[in-house]
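> Got model05.txt for you, compact mmCIF, C-alpha atoms:
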# COMPACT_ATOMS: atom_id res chain seq x y z
CA MET A 1 48.45 101.95 -25.50
CA GLY A 2 47.69 98.20 -25.69
CA ILE A 3 44.35 96.48 -25.35
CA PHE A 4 44.85 95.36 -21.79
CA SER A 5 46.17 98.67 -20.50
CA ARG A 6 43.08 100.44 -21.83
CA PHE A 7 40.83 97.61 -20.74
CA THR A 8 42.32 97.59 -17.23
CA ASP A 9 41.75 101.33 -16.86
CA ILE A 10 38.10 100.93 -17.84
CA ILE A 11 37.53 97.97 -15.54
CA ASN A 12 39.28 99.56 -12.56
CA SER A 13 37.26 102.73 -13.00
CA ASN A 14 33.96 100.86 -13.09
CA ILE A 15 34.89 98.60 -10.19
CA ASN A 16 35.75 101.61 -8.06
CA ASN A 17 32.41 103.19 -8.94
CA LEU A 18 30.59 99.99 -8.02
CA LEU A 19 32.43 99.67 -4.74
CA ASP A 20 31.58 103.27 -3.91
CA LYS A 21 27.92 102.45 -4.57
CA ALA A 22 28.16 99.12 -2.70
CA GLU A 23 26.78 97.22 -5.70
CA ASP A 24 26.27 93.46 -5.52
CA PRO A 25 29.02 91.10 -6.79
CA ALA A 26 26.82 89.54 -9.49
CA LYS A 27 26.20 92.94 -11.05
CA MET A 28 29.90 93.75 -10.86
CA VAL A 29 30.82 90.52 -12.65
CA ARG A 30 28.23 91.18 -15.37
CA LEU A 31 29.72 94.62 -15.92
CA ILE A 32 33.26 93.26 -16.15
CA ILE A 33 32.18 90.67 -18.72
CA GLN A 34 30.30 93.33 -20.68
CA GLU A 35 33.41 95.52 -20.72
CA MET A 36 35.49 92.57 -21.92
CA GLU A 37 33.01 91.80 -24.69
CA ASP A 38 32.88 95.45 -25.78
CA THR A 39 36.68 95.61 -25.81
CA LEU A 40 36.84 92.41 -27.87
CA VAL A 41 34.43 93.86 -30.44
CA GLU A 42 36.45 97.08 -30.58
CA VAL A 43 39.75 95.26 -31.07
CA ARG A 44 38.32 92.97 -33.73
CA SER A 45 37.03 96.01 -35.57
CA SER A 46 40.47 97.61 -35.30
CA SER A 47 42.07 94.40 -36.57
CA ALA A 48 39.72 94.28 -39.54
CA LYS A 49 40.63 97.86 -40.45
CA THR A 50 44.34 97.11 -40.10
CA LEU A 51 43.99 94.06 -42.37
CA ALA A 52 42.19 96.23 -44.94
CA ASP A 53 45.01 98.81 -44.69
CA LYS A 54 47.54 96.03 -45.25
CA LYS A 55 45.80 94.95 -48.44
CA GLU A 56 45.76 98.52 -49.69
CA LEU A 57 49.48 98.91 -48.89
CA SER A 58 50.24 95.67 -50.73
CA ARG A 59 48.38 96.93 -53.80
CA GLN A 60 50.33 100.21 -53.71
CA VAL A 61 53.64 98.33 -53.39
CA ASN A 62 52.77 96.16 -56.38
CA ARG A 63 51.81 99.22 -58.40
CA LEU A 64 55.03 101.05 -57.54
CA GLU A 65 57.14 98.00 -58.28
CA LYS A 66 55.45 97.70 -61.67
CA ASP A 67 56.06 101.39 -62.26
CA ALA A 68 59.73 100.94 -61.39
CA GLN A 69 59.96 98.01 -63.79
CA GLN A 70 58.26 100.03 -66.54
CA TRP A 71 60.64 102.97 -66.02
CA GLN A 72 63.53 100.51 -66.24
CA GLU A 73 62.21 99.30 -69.59
CA LYS A 74 61.75 102.87 -70.78
CA ALA A 75 65.33 103.70 -69.80
CA VAL A 76 66.56 100.74 -71.84
CA LEU A 77 64.45 101.84 -74.79
CA ALA A 78 65.74 105.41 -74.59
CA LEU A 79 69.34 104.24 -74.54
CA SER A 80 68.69 102.01 -77.53
CA LYS A 81 67.57 105.15 -79.37
CA ASP A 82 70.62 107.10 -78.19
CA ARG A 83 68.52 109.27 -75.92
CA GLU A 84 70.64 109.22 -72.84
CA ASP A 85 68.77 112.23 -71.47
CA LEU A 86 65.49 110.34 -71.55
CA ALA A 87 67.14 107.24 -70.13
CA ARG A 88 68.46 109.29 -67.22
CA ALA A 89 65.02 110.81 -66.59
CA ALA A 90 63.42 107.36 -66.72
CA LEU A 91 65.92 106.01 -64.23
CA MET A 92 65.16 108.94 -61.91
CA GLU A 93 61.47 108.03 -62.03
CA LYS A 94 62.38 104.40 -61.43
CA LYS A 95 64.35 105.47 -58.36
CA LYS A 96 61.39 107.42 -57.01
CA SER A 97 59.03 104.47 -57.51
CA SER A 98 61.49 102.03 -55.94
CA GLU A 99 62.03 104.27 -52.90
CA SER A 100 58.28 104.75 -52.43
CA ALA A 101 57.77 100.98 -52.75
CA GLN A 102 60.46 100.34 -50.13
CA ALA A 103 58.91 102.88 -47.75
CA LEU A 104 55.57 101.11 -48.09
CA LEU A 105 57.27 97.72 -47.60
CA ASP A 106 58.74 99.02 -44.33
CA GLU A 107 55.28 100.19 -43.32
CA LEU A 108 53.88 96.77 -44.23
CA THR A 109 56.44 95.15 -41.93
CA HIS A 110 55.24 97.32 -39.03
CA THR A 111 51.63 96.59 -39.96
CA ASP A 112 52.27 92.83 -39.92
CA GLU A 113 53.87 93.15 -36.48
CA HIS A 114 50.90 95.18 -35.24
CA ILE A 115 48.46 92.59 -36.61
CA ARG A 116 50.38 89.77 -34.93
CA LYS A 117 50.23 91.56 -31.57
CA LEU A 118 46.53 92.26 -32.01
CA GLN A 119 45.85 88.60 -32.76
CA ASP A 120 47.81 87.51 -29.68
CA GLU A 121 45.92 89.97 -27.48
CA ILE A 122 42.57 88.94 -28.96
CA THR A 123 43.38 85.31 -28.17
CA GLN A 124 44.31 86.24 -24.60
CA LEU A 125 41.16 88.32 -24.19
CA GLN A 126 38.98 85.51 -25.54
CA ASP A 127 40.54 83.07 -23.08
CA LYS A 128 40.02 85.48 -20.19
CA LEU A 129 36.43 86.12 -21.30
CA SER A 130 35.69 82.39 -21.41
CA ASP A 131 37.18 81.98 -17.94
CA ALA A 132 35.19 84.95 -16.62
CA LYS A 133 31.91 83.56 -17.98
CA ALA A 134 32.62 80.17 -16.43
CA ARG A 135 33.35 81.77 -13.05
CA GLN A 136 30.36 84.09 -13.34
CA LYS A 137 27.91 81.21 -12.83
CA ALA A 138 29.65 80.12 -9.64
CA ILE A 139 29.75 83.69 -8.33
CA VAL A 140 26.03 84.21 -9.02
CA ILE A 141 25.15 80.96 -7.24
CA ARG A 142 27.34 81.85 -4.25
CA GLU A 143 25.89 85.36 -4.11
CA LYS A 144 22.30 84.05 -4.09
CA SER A 145 23.14 81.48 -1.42
CA ALA A 146 24.90 84.06 0.73
CA SER A 147 22.00 86.50 0.35
CA SER A 148 19.50 83.82 1.39
CA ARG A 149 21.59 82.90 4.42
CA LEU A 150 21.93 86.55 5.33
CA LYS A 151 18.17 86.99 5.28
CA VAL A 152 17.76 83.96 7.54
CA LYS A 153 20.39 85.30 9.93
CA GLU A 154 18.74 88.71 9.94
CA ASN A 155 15.39 87.12 10.75
CA ILE A 156 16.88 85.02 13.52
CA HIS A 157 18.35 88.11 15.14
CA SER A 158 15.40 90.30 14.29
CA THR A 159 13.50 92.00 17.11
CA ARG A 160 10.30 90.84 15.43
CA VAL A 161 11.27 87.22 15.98
CA ASN A 162 12.18 87.94 19.58
CA ASP A 163 8.89 89.76 20.07
CA ALA A 164 7.03 86.79 18.60
CA LEU A 165 8.82 84.40 20.94
CA ASN A 166 8.01 86.67 23.87
CA ARG A 167 4.37 86.55 22.88
CA PHE A 168 4.60 82.76 22.87
CA ASP A 169 5.87 82.91 26.44
CA HIS A 170 3.01 85.20 27.36
CA TYR A 171 0.42 82.88 25.83
CA GLU A 172 1.96 79.82 27.49
CA ARG A 173 1.73 81.63 30.82
CA LYS A 174 -1.93 82.39 30.21
CA VAL A 175 -2.61 78.73 29.45
CA ASP A 176 -0.77 77.78 32.64
CA ASP A 177 -2.99 80.18 34.59
CA ILE A 178 -6.16 78.70 33.08
CA GLU A 179 -5.02 75.16 33.85
CA ALA A 180 -4.15 76.17 37.41
CA GLU A 181 -7.61 77.72 37.81
CA VAL A 182 -9.20 74.46 36.65
CA ASP A 183 -7.06 72.47 39.08
CA SER A 184 -8.01 74.79 41.95
CA TYR A 185 -11.61 73.65 41.74
CA ASP A 186 -10.49 70.14 42.61
CA LEU A 187 -8.64 71.21 45.74
CA GLY A 188 -10.60 70.19 48.92
CA GLY A 189 -13.30 68.40 46.95
CA LYS A 190 -13.94 64.67 46.88
CA SER A 191 -14.68 62.66 43.83
CA LEU A 192 -17.32 59.90 43.74
CA ALA A 193 -14.61 57.26 43.78
CA ASP A 194 -13.05 58.87 46.87
CA GLU A 195 -16.36 58.88 48.76
CA ILE A 196 -17.07 55.19 47.92
CA ALA A 197 -13.57 54.23 49.02
CA GLU A 198 -14.19 55.98 52.34
CA LEU A 199 -17.42 54.05 52.81
CA GLU A 200 -15.64 50.78 52.17
CA THR A 201 -12.97 51.75 54.70
CA ASP A 202 -15.59 52.66 57.35
CA GLU A 203 -17.36 49.35 56.85
CA MET A 204 -14.14 47.39 57.37
CA VAL A 205 -13.40 49.33 60.55
CA ASP A 206 -16.92 48.67 61.87
CA ASP A 207 -16.57 44.92 61.20
CA GLU A 208 -13.22 44.79 62.92
CA LEU A 209 -14.61 46.73 65.90
CA ALA A 210 -17.54 44.33 66.23
CA GLN A 211 -15.23 41.34 66.17
CA LEU A 212 -13.03 42.90 68.85
CA LYS A 213 -16.04 43.55 71.08
CA ALA A 214 -17.28 39.99 70.71
CA LYS A 215 -13.88 38.62 71.54
CA MET A 216 -13.59 40.69 74.75
CA LYS A 217 -17.09 39.75 75.77
CA SER A 218 -16.35 36.03 75.46
CA LYS A 219 -13.29 36.40 77.68
CA LYS A 220 -15.34 37.90 80.50
CA LYS A 221 -17.58 34.87 80.64
With the file now loaded, output its structure as structure tokens.

Amino acid sequence: MGIFSRFTDIINSNINNLLDKAEDPAKMVRLIIQEMEDTLVEVRSSSAKTLADKKELSRQVNRLEKDAQQWQEKAVLALSKDREDLARAALMEKKKSSESAQALLDELTHTDEHIRKLQDEITQLQDKLSDAKARQKAIVIREKSASSRLKVKENIHSTRVNDALNRFDHYERKVDDIEAEVDSYDLGGKSLADEIAELETDEMVDDELAQLKAKMKSKKK
């Protein structure tokens, strides 16, 4: 199973758990990034072990190739001493060493391919992790903004706000009643200015009446 198939299973499992618990998006993003970082550490550790295994395989191949070369030399020496039996035995040992070396070389080829794939997947995971961290900041900011707006909306539609506004209406009505009570004292009453104005009006009427009387009296004469 590759890195991403295992990683995807882990992420999907955790996301489903979060959704079931109705967790907030910021927490979900932090968890995803944490899973990616843990996976990256795990894969790097696996890569380091594979590289160490490759070095060990290379040492074994070198040793077996040297053994094969030494058995070749021993076979030559045995033949030079007319010991064909020993030469044959030496060549058999050479064959064993060569076959073992080839088997390890085949394993090294598979190891190199595995290392190459691991390196490619590590590079992809690093790129995705960098992208996720960059997007995390934007998601956190959006989540905070949305949460703040939600609180405002909840307060606007809250019964407490409506109750407070209703109390304002009640208090405004009480003030209206008090002002109306004050105004009622002025109904039917005359101010000082009104009384003086009435006196001035009466005086003008009296003057005009006197003039009219004098005029009629002069006509009778």
> Which of these residues is nearest to A:His114, using all atoms listed in the file: A:Arg135, A:Lys54, A:Lys27, A:Arg88?
A:Lys54
> Taking 3 positions as the minimum chain separation for residues in the same chain, which residues sit within 12 Å of A:Asn62 when counting only C-alpha atoms? Answer as a count of residues only.
17
> Do you have the atom CA of A:Gln126-atom CA of A:Thr39 distance handy?
10.4 Å
> Please return stretch 93-104 of chain A, rebuilt to all heavy atoms, as an mmCIF file, keeping the file's coordinate frame.

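The resulting file, out.cif, is shown below:
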data_model
loop_
_atom_site.group_PDB
_atom_site.id
_atom_site.type_symbol
_atom_site.label_atom_id
_atom_site.label_comp_id
_atom_site.auth_asym_id
_atom_site.auth_seq_id
_atom_site.Cartn_x
_atom_site.Cartn_y
_atom_site.Cartn_z
ATOM 1 N N GLU A 93 62.839 108.409 -62.397
ATOM 2 C CA GLU A 93 61.470 108.030 -62.030
ATOM 3 C C GLU A 93 61.427 106.630 -61.431
ATOM 4 O O GLU A 93 60.672 106.355 -60.492
ATOM 5 C CB GLU A 93 60.566 108.095 -63.279
ATOM 6 C CG GLU A 93 60.320 109.490 -63.805
ATOM 7 C CD GLU A 93 59.646 110.369 -62.775
ATOM 8 O OE1 GLU A 93 58.765 109.874 -62.019
ATOM 9 O OE2 GLU A 93 59.992 111.577 -62.705
ATOM 10 N N LYS A 94 62.291 105.757 -61.986
ATOM 11 C CA LYS A 94 62.380 104.400 -61.430
ATOM 12 C C LYS A 94 62.825 104.469 -59.976
ATOM 13 O O LYS A 94 62.298 103.751 -59.107
ATOM 14 C CB LYS A 94 63.349 103.565 -62.247
ATOM 15 C CG LYS A 94 63.608 102.187 -61.620
ATOM 16 C CD LYS A 94 64.798 101.495 -62.246
ATOM 17 C CE LYS A 94 65.127 100.215 -61.486
ATOM 18 N NZ LYS A 94 66.331 99.536 -62.013
ATOM 19 N N LYS A 95 63.827 105.326 -59.713
ATOM 20 C CA LYS A 95 64.350 105.470 -58.360
ATOM 21 C C LYS A 95 63.266 105.939 -57.395
ATOM 22 O O LYS A 95 63.136 105.427 -56.267
ATOM 23 C CB LYS A 95 65.508 106.449 -58.358
ATOM 24 C CG LYS A 95 66.203 106.646 -57.002
ATOM 25 C CD LYS A 95 67.422 107.519 -57.161
ATOM 26 C CE LYS A 95 68.151 107.703 -55.826
ATOM 27 N NZ LYS A 95 67.348 108.447 -54.838
ATOM 28 N N LYS A 96 62.477 106.917 -57.855
ATOM 29 C CA LYS A 96 61.390 107.420 -57.010
ATOM 30 C C LYS A 96 60.383 106.318 -56.704
ATOM 31 O O LYS A 96 59.946 106.146 -55.553
ATOM 32 C CB LYS A 96 60.672 108.575 -57.700
ATOM 33 C CG LYS A 96 61.495 109.835 -57.821
ATOM 34 C CD LYS A 96 60.696 110.913 -58.552
ATOM 35 C CE LYS A 96 61.526 112.186 -58.744
ATOM 36 N NZ LYS A 96 60.753 113.216 -59.491
ATOM 37 N N SER A 97 59.999 105.556 -57.712
ATOM 38 C CA SER A 97 59.030 104.470 -57.510
ATOM 39 C C SER A 97 59.591 103.398 -56.577
ATOM 40 O O SER A 97 58.885 102.873 -55.696
ATOM 41 C CB SER A 97 58.636 103.849 -58.850
ATOM 42 O OG SER A 97 57.955 104.787 -59.662
ATOM 43 N N SER A 98 60.866 103.067 -56.773
ATOM 44 C CA SER A 98 61.490 102.030 -55.940
ATOM 45 C C SER A 98 61.567 102.485 -54.485
ATOM 46 O O SER A 98 61.310 101.686 -53.561
ATOM 47 C CB SER A 98 62.885 101.707 -56.459
ATOM 48 O OG SER A 98 62.821 101.137 -57.754
ATOM 49 N N GLU A 99 61.933 103.757 -54.273
ATOM 50 C CA GLU A 99 62.030 104.270 -52.900
ATOM 51 C C GLU A 99 60.662 104.306 -52.237
ATOM 52 O O GLU A 99 60.513 103.975 -51.052
ATOM 53 C CB GLU A 99 62.659 105.671 -52.926
ATOM 54 C CG GLU A 99 64.142 105.655 -53.248
ATOM 55 C CD GLU A 99 64.715 107.054 -53.349
ATOM 56 O OE1 GLU A 99 63.909 108.020 -53.413
ATOM 57 O OE2 GLU A 99 65.949 107.192 -53.391
ATOM 58 N N SER A 100 59.642 104.723 -52.986
ATOM 59 C CA SER A 100 58.280 104.750 -52.430
ATOM 60 C C SER A 100 57.812 103.335 -52.097
ATOM 61 O O SER A 100 57.187 103.101 -51.059
ATOM 62 C CB SER A 100 57.314 105.384 -53.445
ATOM 63 O OG SER A 100 57.644 106.738 -53.666
ATOM 64 N N ALA A 101 58.145 102.379 -53.002
ATOM 65 C CA ALA A 101 57.770 100.980 -52.750
ATOM 66 C C ALA A 101 58.453 100.467 -51.496
ATOM 67 O O ALA A 101 57.832 99.759 -50.681
ATOM 68 C CB ALA A 101 58.120 100.122 -53.956
ATOM 69 N N GLN A 102 59.727 100.804 -51.315
ATOM 70 C CA GLN A 102 60.460 100.340 -50.130
ATOM 71 C C GLN A 102 59.882 100.942 -48.853
ATOM 72 O O GLN A 102 59.782 100.260 -47.825
ATOM 73 C CB GLN A 102 61.936 100.710 -50.260
ATOM 74 C CG GLN A 102 62.805 100.157 -49.141
ATOM 75 C CD GLN A 102 62.743 98.648 -49.043
ATOM 76 O OE1 GLN A 102 62.917 97.951 -50.066
ATOM 77 N NE2 GLN A 102 62.477 98.114 -47.846
ATOM 78 N N ALA A 103 59.522 102.232 -48.920
ATOM 79 C CA ALA A 103 58.910 102.880 -47.750
ATOM 80 C C ALA A 103 57.612 102.181 -47.358
ATOM 81 O O ALA A 103 57.337 101.946 -46.168
ATOM 82 C CB ALA A 103 58.665 104.354 -48.033
ATOM 83 N N LEU A 104 56.825 101.818 -48.375
ATOM 84 C CA LEU A 104 55.570 101.110 -48.090
ATOM 85 C C LEU A 104 55.833 99.698 -47.591
ATOM 86 O O LEU A 104 55.080 99.181 -46.755
ATOM 87 C CB LEU A 104 54.697 101.064 -49.352
ATOM 88 C CG LEU A 104 54.117 102.411 -49.802
ATOM 89 C CD1 LEU A 104 53.275 102.220 -51.061
ATOM 90 C CD2 LEU A 104 53.263 103.026 -48.697
#
